[in-house]
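See below for the structure under consideration.
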Amino acid sequence: MSEKTASVHWEGSGKTAVGNISTETGALKDYPYGFASRFEDDRRGSNPEELLGAAHAACFTMAFSFACEKAGLKTTDVDTKASVRLSKQGEGFVIDRIALTMEATVAGIDDAQFQEIAANAKRDCPLSKALASVSEITLQATLRVDTTP
């Protein structure tokens, strides 16, 4: 069993408040976030949706690579992007879509097997399971041609 931690320090009230995010590993240390970086496209800080997208993309990518290995296939490289949409719902907000886009180079695989492994990795990665309440999680998977001899 594995347990990881992250922490937030928040100062102030409402839209003028600011926070700092830190992770156990130090990957983020007092990284800023607030209303502007979440709702006004201020690039000087992060936001929960961006961090969720990064975590989901990372989890899915690992699940895909491990599934390929289990099938006797080697991934040369895998690039995944996750777009997380935060939408207004009533008086609050909801994450209603996560769109995963993945491109990978895998030797010795056809597109049908590639798509099957990708779909199963999306379904089975721990973050996909944790995010089951998101009404739409899509995957666009593209197999790159392996040009290595």
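Simple scheme: letters A, B, ... for chains in structure tokens order, numbers from 1 for residues in each chain, numbers from 1 for ligands in the order shown.
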Report the residues of stretch 32-121 of chain A whose backbone DSSP state falls under strand (DSSP E or B), written as number ranges by chain. A: 32-34, 46, 75-89, 92-106
Give me a file of those residues, with N, CA, C and O atoms, as a CSV table (one decimal), in the first residue's frame.
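What landed in result26.csv:
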```csv
chain,number,residue,atom,x,y,z
A,32,PRO,N,2.3,28.8,-5.9
A,32,PRO,CA,1.1,29.6,-5.7
A,32,PRO,C,-0.1,29.2,-6.6
A,32,PRO,O,0.0,28.6,-7.6
A,33,TYR,N,-1.3,29.4,-6.0
A,33,TYR,CA,-2.5,29.3,-6.7
A,33,TYR,C,-3.6,30.2,-6.1
A,33,TYR,O,-3.4,30.7,-4.9
A,34,GLY,N,-4.6,30.5,-6.8
A,34,GLY,CA,-5.6,31.4,-6.3
A,34,GLY,C,-6.7,31.5,-7.3
A,34,GLY,O,-6.7,30.9,-8.4
A,46,SER,N,-0.8,27.8,-10.3
A,46,SER,CA,-1.4,26.6,-10.8
A,46,SER,C,-2.9,26.7,-10.4
A,46,SER,O,-3.4,27.7,-9.9
A,75,THR,N,7.2,-0.1,-25.1
A,75,THR,CA,6.9,1.3,-25.5
A,75,THR,C,8.3,2.0,-25.6
A,75,THR,O,9.1,2.0,-24.7
A,76,THR,N,8.4,2.7,-26.8
A,76,THR,CA,9.6,3.5,-27.0
A,76,THR,C,9.4,4.9,-26.3
A,76,THR,O,10.3,5.4,-25.6
A,77,ASP,N,8.3,5.5,-26.5
A,77,ASP,CA,7.9,6.8,-25.9
A,77,ASP,C,6.4,6.9,-25.9
A,77,ASP,O,5.7,6.4,-26.7
A,78,VAL,N,5.9,7.6,-24.9
A,78,VAL,CA,4.5,7.9,-24.7
A,78,VAL,C,4.3,9.3,-24.3
A,78,VAL,O,5.0,9.7,-23.3
A,79,ASP,N,3.5,10.1,-25.0
A,79,ASP,CA,3.2,11.5,-24.6
A,79,ASP,C,1.7,11.6,-24.4
A,79,ASP,O,0.9,11.3,-25.3
A,80,THR,N,1.3,12.1,-23.3
A,80,THR,CA,-0.1,12.2,-22.9
A,80,THR,C,-0.5,13.6,-22.4
A,80,THR,O,0.3,14.1,-21.7
A,81,LYS,N,-1.6,14.1,-22.9
A,81,LYS,CA,-2.1,15.4,-22.4
A,81,LYS,C,-3.5,15.1,-21.9
A,81,LYS,O,-4.3,14.3,-22.4
A,82,ALA,N,-3.8,15.8,-20.8
A,82,ALA,CA,-5.2,15.7,-20.2
A,82,ALA,C,-5.7,17.1,-20.1
A,82,ALA,O,-5.1,18.0,-19.5
A,83,SER,N,-6.9,17.3,-20.7
A,83,SER,CA,-7.6,18.6,-20.6
A,83,SER,C,-8.8,18.4,-19.7
A,83,SER,O,-9.6,17.5,-19.9
A,84,VAL,N,-8.8,19.2,-18.6
A,84,VAL,CA,-9.8,19.0,-17.6
A,84,VAL,C,-10.7,20.3,-17.7
A,84,VAL,O,-10.3,21.4,-17.6
A,85,ARG,N,-12.0,20.0,-17.8
A,85,ARG,CA,-13.0,21.1,-18.0
A,85,ARG,C,-13.8,21.3,-16.7
A,85,ARG,O,-14.4,20.4,-16.2
A,86,LEU,N,-13.7,22.5,-16.2
A,86,LEU,CA,-14.5,23.0,-15.0
A,86,LEU,C,-15.6,23.8,-15.5
A,86,LEU,O,-15.4,24.8,-16.2
A,87,SER,N,-16.9,23.4,-15.2
A,87,SER,CA,-18.1,24.0,-15.7
A,87,SER,C,-18.9,24.5,-14.5
A,87,SER,O,-19.0,23.9,-13.5
A,88,LYS,N,-19.6,25.6,-14.8
A,88,LYS,CA,-20.6,26.2,-13.8
A,88,LYS,C,-21.8,25.2,-13.7
A,88,LYS,O,-22.3,24.8,-14.7
A,89,GLN,N,-22.2,24.9,-12.5
A,89,GLN,CA,-23.4,24.1,-12.3
A,89,GLN,C,-24.1,24.6,-11.1
A,89,GLN,O,-23.6,24.6,-10.0
A,92,GLY,N,-22.4,26.4,-8.0
A,92,GLY,CA,-21.0,26.0,-7.9
A,92,GLY,C,-20.4,25.5,-9.2
A,92,GLY,O,-20.9,26.0,-10.3
A,93,PHE,N,-19.5,24.7,-9.1
A,93,PHE,CA,-18.7,24.2,-10.3
A,93,PHE,C,-18.6,22.7,-10.2
A,93,PHE,O,-18.7,22.1,-9.2
A,94,VAL,N,-18.4,22.1,-11.4
A,94,VAL,CA,-18.2,20.7,-11.5
A,94,VAL,C,-17.2,20.4,-12.6
A,94,VAL,O,-17.1,21.1,-13.6
A,95,ILE,N,-16.4,19.3,-12.4
A,95,ILE,CA,-15.5,18.9,-13.5
A,95,ILE,C,-16.4,17.9,-14.3
A,95,ILE,O,-16.8,16.8,-13.7
A,96,ASP,N,-16.7,18.3,-15.5
A,96,ASP,CA,-17.6,17.4,-16.3
A,96,ASP,C,-17.0,16.8,-17.5
A,96,ASP,O,-17.6,16.0,-18.2
A,97,ARG,N,-15.7,17.0,-17.7
A,97,ARG,CA,-15.0,16.3,-18.8
A,97,ARG,C,-13.5,16.3,-18.6
A,97,ARG,O,-12.9,17.3,-18.1
A,98,ILE,N,-12.9,15.2,-18.9
A,98,ILE,CA,-11.5,15.0,-19.0
A,98,ILE,C,-11.2,14.4,-20.3
A,98,ILE,O,-11.7,13.3,-20.6
A,99,ALA,N,-10.4,15.0,-21.1
A,99,ALA,CA,-10.1,14.5,-22.5
A,99,ALA,C,-8.6,14.1,-22.5
A,99,ALA,O,-7.7,15.0,-22.4
A,100,LEU,N,-8.3,12.9,-22.5
A,100,LEU,CA,-6.9,12.4,-22.6
A,100,LEU,C,-6.6,12.2,-24.1
A,100,LEU,O,-7.3,11.7,-24.9
A,101,THR,N,-5.4,12.7,-24.5
A,101,THR,CA,-4.9,12.6,-25.8
A,101,THR,C,-3.5,12.0,-25.7
A,101,THR,O,-2.6,12.5,-25.0
A,102,MET,N,-3.3,10.8,-26.3
A,102,MET,CA,-2.0,10.1,-26.1
A,102,MET,C,-1.4,9.7,-27.5
A,102,MET,O,-2.2,9.3,-28.4
A,103,GLU,N,-0.1,9.9,-27.6
A,103,GLU,CA,0.6,9.4,-28.8
A,103,GLU,C,1.7,8.6,-28.3
A,103,GLU,O,2.4,8.9,-27.3
A,104,ALA,N,1.9,7.4,-28.9
A,104,ALA,CA,2.9,6.5,-28.4
A,104,ALA,C,3.6,5.7,-29.6
A,104,ALA,O,3.0,5.5,-30.6
A,105,THR,N,4.8,5.4,-29.3
A,105,THR,CA,5.6,4.5,-30.3
A,105,THR,C,5.7,3.2,-29.6
A,105,THR,O,6.3,3.1,-28.5
A,106,VAL,N,5.2,2.2,-30.2
A,106,VAL,CA,5.2,0.8,-29.7
A,106,VAL,C,5.6,-0.1,-30.8
A,106,VAL,O,4.8,-0.2,-31.8
```
Determine, for each residue of stretch 44-96 of chain A having at least one atom at most 10 Å from an atom of stretch 16-24 of chain A, the closest pair of atoms and their separation in Å to one decimal, counting only C-alpha atoms; order by chain and ascending number, as CSV.
```
residue,atom,partner,partner_atom,distance
A:Gly45,CA,A:Asn20,CA,8.9
A:Ser46,CA,A:Ile21,CA,8.7
A:Asn47,CA,A:Ile21,CA,9.4
A:Pro48,CA,A:Ile21,CA,9.8
```
Using the selection just defined, write its residues with C-alpha atoms as a CSV table (one decimal), in the first residue's frame.
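Contents of again_23.csv, freshly written:
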```csv
chain,number,residue,atom,x,y,z
A,45,GLY,CA,0.2,30.0,-10.4
A,46,SER,CA,-1.4,26.6,-10.8
A,47,ASN,CA,-4.9,25.4,-10.1
A,48,PRO,CA,-6.6,22.2,-9.0
```
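Atom pair atom CA of A:Phe39 / atom CA of A:Thr5: separated by 25.3 Å.
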Contacts of A:Met62 at 9 Å or less, counting only C-alpha atoms, minus same-chain residues fewer than 5 places along, as a list of chain:residue names?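 Final neighbour list, sorted by chain and number: A:Ala57, A:Ala67, A:Ala121, A:Cys125.
Residue nearest A:Leu127, chosen from A:Ser37, A:Thr61, A:Gln113, A:Gln140 and counting only C-alpha atoms: A:Thr61.
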